Structures are given as structure tokens and as C-alpha cells.
file work-v2.txt (compact mmCIF, C-alpha atoms)
# COMPACT_ATOMS: atom_id res chain seq x y z
CA MET V 1 0.00 0.00 0.00
CA GLU V 2 1.21 3.48 -0.86
CA LYS V 3 1.53 5.37 2.40
CA LYS V 4 -1.51 7.59 2.84
CA THR V 5 -2.10 10.39 5.31
CA LEU V 6 -5.41 10.35 7.13
CA GLY V 7 -6.87 13.24 9.02
CA TYR V 8 -8.32 11.55 12.10
CA ALA V 9 -10.94 13.81 13.69
CA MET V 10 -12.82 13.13 16.91
CA THR V 11 -15.97 14.80 18.24
CA GLY V 12 -17.75 14.45 21.58
CA SER V 13 -19.33 11.00 21.57
CA PHE V 14 -17.20 10.13 24.60
CA CYS V 15 -18.64 6.63 25.04
CA THR V 16 -17.12 5.62 21.68
CA PHE V 17 -13.65 7.08 22.28
CA GLU V 18 -12.13 3.75 23.31
CA LYS V 19 -13.34 2.07 20.08
CA SER V 20 -12.12 5.03 18.05
CA ILE V 21 -8.68 5.10 19.65
CA THR V 22 -8.35 1.34 19.15
CA GLU V 23 -9.00 1.84 15.42
CA MET V 24 -6.60 4.78 15.36
CA ALA V 25 -3.83 2.52 16.68
CA ARG V 26 -4.76 -0.18 14.16
CA LEU V 27 -4.58 2.28 11.26
CA LYS V 28 -1.17 3.46 12.46
CA SER V 29 0.04 -0.16 12.58
CA MET V 30 -1.25 -0.62 9.01
CA GLY V 31 1.14 2.09 7.82
CA TYR V 32 -1.10 5.13 7.64
CA SER V 33 0.27 8.49 8.71
CA LEU V 34 -2.30 10.12 11.01
CA LEU V 35 -3.06 13.80 11.52
CA PRO V 36 -5.13 14.13 14.74
CA ILE V 37 -7.91 16.73 14.97
CA MET V 38 -10.34 17.20 17.85
CA SER V 39 -13.40 19.35 18.45
CA ASP V 40 -13.29 21.73 21.38
CA ASN V 41 -15.39 19.37 23.50
CA ALA V 42 -13.44 16.26 22.57
CA TYR V 43 -10.17 18.04 23.34
CA SER V 44 -11.07 19.64 26.64
CA THR V 45 -13.91 17.76 28.35
CA SER V 46 -13.22 15.16 31.03
CA THR V 47 -16.03 12.63 31.49
CA ARG V 48 -16.64 9.29 33.18
CA PHE V 49 -15.00 7.80 30.06
CA GLY V 50 -11.67 9.48 30.76
CA LYS V 51 -9.80 12.64 31.55
CA ALA V 52 -9.37 14.98 28.59
CA ARG V 53 -5.61 15.33 29.03
CA ASP V 54 -5.13 11.54 29.20
CA ILE V 55 -7.13 11.05 25.99
CA VAL V 56 -5.23 13.80 24.16
CA ASP V 57 -1.92 12.27 25.32
CA ARG V 58 -2.96 8.83 24.01
CA VAL V 59 -4.00 10.27 20.64
CA GLU V 60 -0.77 12.27 20.28
CA ASN V 61 1.29 9.24 21.26
CA ILE V 62 -0.36 7.06 18.61
CA CYS V 63 -0.28 9.70 15.87
CA GLU V 64 3.16 11.05 16.81
CA LYS V 65 1.79 14.54 16.18
CA SER V 66 0.12 17.26 18.22
CA VAL V 67 -3.66 17.40 18.04
CA ILE V 68 -5.09 20.19 15.89
CA HIS V 69 -7.70 21.73 18.18
CA THR V 70 -8.30 25.21 16.82
CA ILE V 71 -10.18 26.53 13.79
CA PRO V 72 -7.07 28.35 12.44
CA GLY V 73 -5.08 25.14 12.88
CA ALA V 74 -7.61 23.15 10.82
CA GLU V 75 -8.11 25.69 8.01
CA PRO V 76 -4.97 24.80 5.98
CA ILE V 77 -5.76 21.06 5.85
CA GLY V 78 -7.33 21.30 2.40
CA PRO V 79 -5.31 24.06 0.75
CA LYS V 80 -2.04 22.42 1.85
CA SER V 81 -3.33 18.93 0.88
CA MET V 82 -2.42 17.66 4.33
CA CYS V 83 -4.52 14.46 4.08
CA ASP V 84 -5.62 12.01 1.44
CA LEU V 85 -8.82 11.34 3.41
CA LEU V 86 -10.42 12.91 6.47
CA LEU V 87 -12.11 10.50 8.90
CA VAL V 88 -14.44 11.81 11.61
CA ALA V 89 -14.69 9.03 14.22
CA PRO V 90 -16.82 9.49 16.21
CA CYS V 91 -19.04 11.94 14.36
CA THR V 92 -21.84 13.19 16.61
CA GLY V 93 -25.28 14.17 15.39
CA ASN V 94 -24.37 17.76 16.22
CA THR V 95 -21.27 17.66 14.00
CA LEU V 96 -22.92 15.89 11.08
CA SER V 97 -25.80 18.38 11.22
CA LYS V 98 -23.35 21.28 11.11
CA ILE V 99 -21.59 19.69 8.14
CA ALA V 100 -24.94 19.23 6.35
CA LEU V 101 -25.83 22.88 6.96
CA GLY V 102 -22.40 24.32 6.14
CA ILE V 103 -21.72 25.52 9.68
CA THR V 104 -17.99 25.87 10.35
CA ASP V 105 -17.57 26.69 14.01
CA THR V 106 -15.30 23.94 15.36
CA PRO V 107 -11.88 22.59 14.37
CA VAL V 108 -13.54 19.44 13.01
CA THR V 109 -16.16 21.21 10.89
CA MET V 110 -13.40 23.48 9.56
CA ALA V 111 -11.27 20.44 8.71
CA VAL V 112 -14.21 18.89 6.84
CA LYS V 113 -14.92 22.12 4.94
CA SER V 114 -11.24 22.48 4.11
CA GLN V 115 -10.98 18.89 2.87
CA LEU V 116 -14.13 19.15 0.74
CA ARG V 117 -12.85 22.41 -0.71
CA ILE V 118 -10.21 20.45 -2.64
CA GLY V 119 -12.53 17.58 -3.62
CA ALA V 120 -10.91 15.07 -1.26
CA PRO V 121 -12.92 12.36 0.53
CA VAL V 122 -14.46 12.71 3.99
CA LEU V 123 -15.55 9.57 5.86
CA LEU V 124 -18.00 9.87 8.76
CA ALA V 125 -18.31 7.27 11.55
CA VAL V 126 -21.64 8.29 13.06
CA ALA V 127 -22.31 7.95 16.79
CA SER V 128 -25.59 9.67 17.55
CA ASN V 129 -28.56 9.04 19.84
CA ASP V 130 -30.83 10.90 17.40
CA ALA V 131 -29.58 9.64 14.03
CA LEU V 132 -32.99 8.16 13.22
CA GLY V 133 -34.72 11.23 14.66
CA ALA V 134 -33.71 14.89 14.41
CA SER V 135 -30.35 14.15 12.75
CA GLY V 136 -31.85 11.73 10.22
CA GLU V 137 -32.59 14.36 7.60
CA ASN V 138 -29.00 15.61 7.84
CA ILE V 139 -27.61 12.12 7.28
CA ALA V 140 -29.85 11.89 4.20
CA LYS V 141 -28.55 15.25 2.94
CA LEU V 142 -24.95 14.15 3.40
CA MET V 143 -25.58 10.82 1.64
CA ASN V 144 -26.21 12.86 -1.50
CA ARG V 145 -23.13 15.08 -1.16
CA LYS V 146 -20.13 14.52 -3.33
CA ASN V 147 -17.02 13.26 -1.49
CA ILE V 148 -18.83 12.42 1.77
CA TYR V 149 -19.00 8.74 2.76
CA PHE V 150 -20.23 6.83 5.80
CA VAL V 151 -18.78 3.93 7.76
CA PRO V 152 -21.59 1.31 7.89
CA MET V 153 -23.74 1.80 10.98
CA ARG V 154 -26.45 0.08 12.98
CA GLN V 155 -28.81 0.59 15.86
CA ASP V 156 -26.84 0.00 19.04
CA ASP V 157 -29.88 -0.40 21.33
CA PRO V 158 -33.13 -0.62 19.32
CA VAL V 159 -35.33 -1.02 22.41
CA GLY V 160 -33.70 1.44 24.83
CA LYS V 161 -32.56 4.01 22.25
CA PRO V 162 -34.63 3.43 19.08
CA ASN V 163 -33.26 6.54 17.28
CA SER V 164 -29.60 5.79 17.98
CA LEU V 165 -27.09 4.70 15.32
CA VAL V 166 -23.42 3.91 15.81
CA ALA V 167 -20.87 3.14 13.12
CA ASP V 168 -19.21 -0.26 13.16
CA PHE V 169 -15.75 1.02 14.10
CA GLY V 170 -14.21 -2.31 13.08
CA LEU V 171 -15.15 -1.50 9.47
CA ILE V 172 -13.16 1.75 9.41
CA PRO V 173 -10.12 0.32 7.54
CA ASP V 174 -12.27 -1.24 4.79
CA SER V 175 -14.39 1.93 4.61
CA ILE V 176 -11.25 4.04 4.16
CA GLU V 177 -10.14 1.91 1.23
CA LYS V 178 -13.55 2.32 -0.43
CA ALA V 179 -13.79 6.06 0.25
CA LEU V 180 -10.29 6.59 -1.18
CA LYS V 181 -11.74 5.15 -4.42
CA HIS V 182 -14.79 7.42 -4.01
CA GLU V 183 -17.08 4.48 -3.26
CA GLN V 184 -19.65 4.30 -0.46
CA PRO V 185 -19.14 1.19 1.71
CA GLN V 186 -22.22 -1.04 1.61
CA PRO V 187 -24.54 -1.80 3.23
CA VAL V 188 -24.77 1.60 4.89
CA TYR V 189 -27.19 0.31 7.54
CA GLN V 190 -26.69 -3.16 8.95
call {"tool": "encode", "arguments": {"input": "work-v2.txt", "output": "C-alpha cells"}}
result
Amino acid sequence: MEKKTLGYAMTGSFCTFEKSITEMARLKSMGYSLLPIMSDNAYSTSTRFGKARDIVDRVENICEKSVIHTIPGAEPIGPKSMCDLLLVAPCTGNTLSKIALGITDTPVTMAVKSQLRIGAPVLLAVASNDALGASGENIAKLMNRKNIYFVPMRQDDPVGKPNSLVADFGLIPDSIEKALKHEQPQPVYQ
């Protein structure tokens, strides 16, 4: 495999951070160069799933780069062709809705805008409690956007959280390969 650089962006679905960081380490071991990007909340919020500083340290250790965590830091990603593909894992309903509506007010949404500006692929690994509710229409909008792809997803708790969808993080490597060829991984919903 030709060495590719992936922008690896994380937003505030804290309960999926462990899965995401596991995949980040796997991608690094597969030979990808990783450029870490985090939303303000992902970068600075400590939760029952971990202390913010510990999570940032783990990400920087895996990627061997400092996390981009400001809007000005994310802006040059596209114009400088800093990544072959931008992965947002996890991508919250809030973030995917902002992407669908063209709102650029976080480092991650700026990274996405910057990447799309040059026609490069963006891959979203959704983790949202309202993906089949309020965020559903925004997922549908993004499905029809050029250069935006989704990691296959499924309901994580159909009885307790009937509107919730979470990407199958284990499918991230295969989804990257498809998105790099501008193909949507199938099936989108499992």
C-alpha cells in the first residue's frame, strides 16, 4: 500500500472514544500516517469515560503529532493537501448536522470544509442518539453530497434508544479503502 495520510478527527461522543482510539492505533500499525484533529469538547472535556488530558496524550502518542484543536489550525488542511482522506470518528449528530448545513464553528467542521474544498474524501463514523430522529434528515442530505461517505452503521440499542445509530468502528479500515476510491461502503445500515 502506498503510504496515505489520514486526518483523524474526533468529536464528543465520549462513550465511543475507546473504540475510536483502538482503530486509530490499528490504522497506524497498518502504515497510515495520522493527523489528529479534535473538536473543542473532545479536546477539553473530562467525562466518566476518561480525563481529557489523558485522551489527548494517548491520541498524540499514537499519531506522533500534536492534536489540531483550533479553527485556524484546521483551516490549511485542504489548501495544503495535508490528508488524502479525512475521517471523523466518532461523528456526533451535532457535528454531522453542522456539516450538512455548512456551519464551520469547530476545528472538526473546519477540517471537513477544508478537505471538501479540494474535492478530497471525507468519511464519517456516526455515533448519535438521534440519528434516526432529528439528525436523520441531515444524514440523508450528506448521503447525497459529493465526497462524503459513511462507515456502515447500525442501531446500538433498538429497544432502549430506538433513534440511535453507531458506526461499526471495526469496518473503518475497509471503509477508508472504499472512500479513497470514491465508493460508499455497503450496506450503509446493517
call {"tool": "closest_residue", "arguments": {"input": "work-v2.txt", "among": "V:Arg48, V:Leu87, V:Val56, V:Asp105", "to": "Ala125 (chain V)", "atoms": "all atoms listed in the file"}}
result
V:Leu87
call {"tool": "closest_residue", "arguments": {"input": "work-v2.txt", "among": "V:Ser13, V:Val188, V:Met24, V:Thr109", "to": "Ala127 (chain V)", "atoms": "only C-alpha atoms"}}
result
V:Ser13
call {"tool": "residues_around", "arguments": {"input": "work-v2.txt", "residues": "region 68-73 of chain V", "least_positions_apart": "5", "cutoff": "10 Å", "atoms": "only C-alpha atoms", "output": "short mmCIF file (atom, residue, chain, number, x, y, z; two decimals) with C-alpha atoms, in the coordinates of the input"}}
result
data_model
loop_
_atom_site.label_atom_id
_atom_site.label_comp_id
_atom_site.auth_asym_id
_atom_site.auth_seq_id
_atom_site.Cartn_x
_atom_site.Cartn_y
_atom_site.Cartn_z
CA GLY V 7 -6.87 13.24 9.02
CA TYR V 8 -8.32 11.55 12.10
CA ALA V 9 -10.94 13.81 13.69
CA LEU V 35 -3.06 13.80 11.52
CA PRO V 36 -5.13 14.13 14.74
CA ILE V 37 -7.91 16.73 14.97
CA MET V 38 -10.34 17.20 17.85
CA SER V 39 -13.40 19.35 18.45
CA ASP V 40 -13.29 21.73 21.38
CA ASN V 41 -15.39 19.37 23.50
CA ALA V 42 -13.44 16.26 22.57
CA TYR V 43 -10.17 18.04 23.34
CA SER V 44 -11.07 19.64 26.64
CA THR V 104 -17.99 25.87 10.35
CA ASP V 105 -17.57 26.69 14.01
CA THR V 106 -15.30 23.94 15.36
CA PRO V 107 -11.88 22.59 14.37
CA VAL V 108 -13.54 19.44 13.01
CA THR V 109 -16.16 21.21 10.89
CA MET V 110 -13.40 23.48 9.56
CA ALA V 111 -11.27 20.44 8.71
#
call {"tool": "closest_residue", "arguments": {"input": "work-v2.txt", "among": "V:Glu18, V:Glu60, V:Glu2, V:Glu23", "to": "Phe169 (chain V)", "atoms": "all atoms listed in the file"}}
result
V:Glu23
call {"tool": "residues_around", "arguments": {"input": "work-v2.txt", "residues": "region 93-102 of chain V", "least_positions_apart": "3", "cutoff": "7 Å", "atoms": "all atoms listed in the file", "output": "VMD selection string"}}
result
chain V and resid 109 128 130 to 131 135 138 141 to 142
call {"tool": "atom_distance", "arguments": {"input": "work-v2.txt", "atom1": "CA of Phe17 (chain V)", "atom2": "CA of Val59 (chain V)"}}
result
10.3 Å
call {"tool": "atom_distance", "arguments": {"input": "work-v2.txt", "atom1": "CA of Leu171 (chain V)", "atom2": "CA of Tyr149 (chain V)"}}
result
12.8 Å
call {"tool": "closest_residue", "arguments": {"input": "work-v2.txt", "among": "V:Leu132, V:Val67, V:Val88, V:Ala52", "to": "Asn163 (chain V)", "atoms": "only C-alpha atoms"}}
result
V:Leu132
call {"tool": "atom_distance", "arguments": {"input": "work-v2.txt", "atom1": "CA of Arg154 (chain V)", "atom2": "CA of Ile139 (chain V)"}}
result
13.4 Å
call {"tool": "closest_residue", "arguments": {"input": "work-v2.txt", "among": "V:Lys146, V:Lys3, V:Arg117, V:Arg26", "to": "Asp84 (chain V)", "atoms": "all atoms listed in the file"}}
result
V:Lys3
call {"tool": "axis_aligned_box", "arguments": {"input": "work-v2.txt", "around": "region 125-130 of chain V", "padding_each_side": "5 Å", "output": "JSON"}}
result
{"center_x": -24.6, "center_y": 9.1, "center_z": 15.7, "size_x": 22.5, "size_y": 13.6, "size_z": 18.3}
call {"tool": "residues_around", "arguments": {"input": "work-v2.txt", "residues": "Glu177 (chain V)", "least_positions_apart": "2", "cutoff": "12 Å", "atoms": "only C-alpha atoms", "output": "PyMOL selection string"}}
result
chain V and resi 1-2+4+6+27+32+84-85+87+121-123+149+151+171-175+179-185
call {"tool": "closest_residue", "arguments": {"input": "work-v2.txt", "among": "V:Leu86, V:Leu124, V:Val112, V:Ala74", "to": "Phe150 (chain V)", "atoms": "all atoms listed in the file"}}
result
V:Leu124
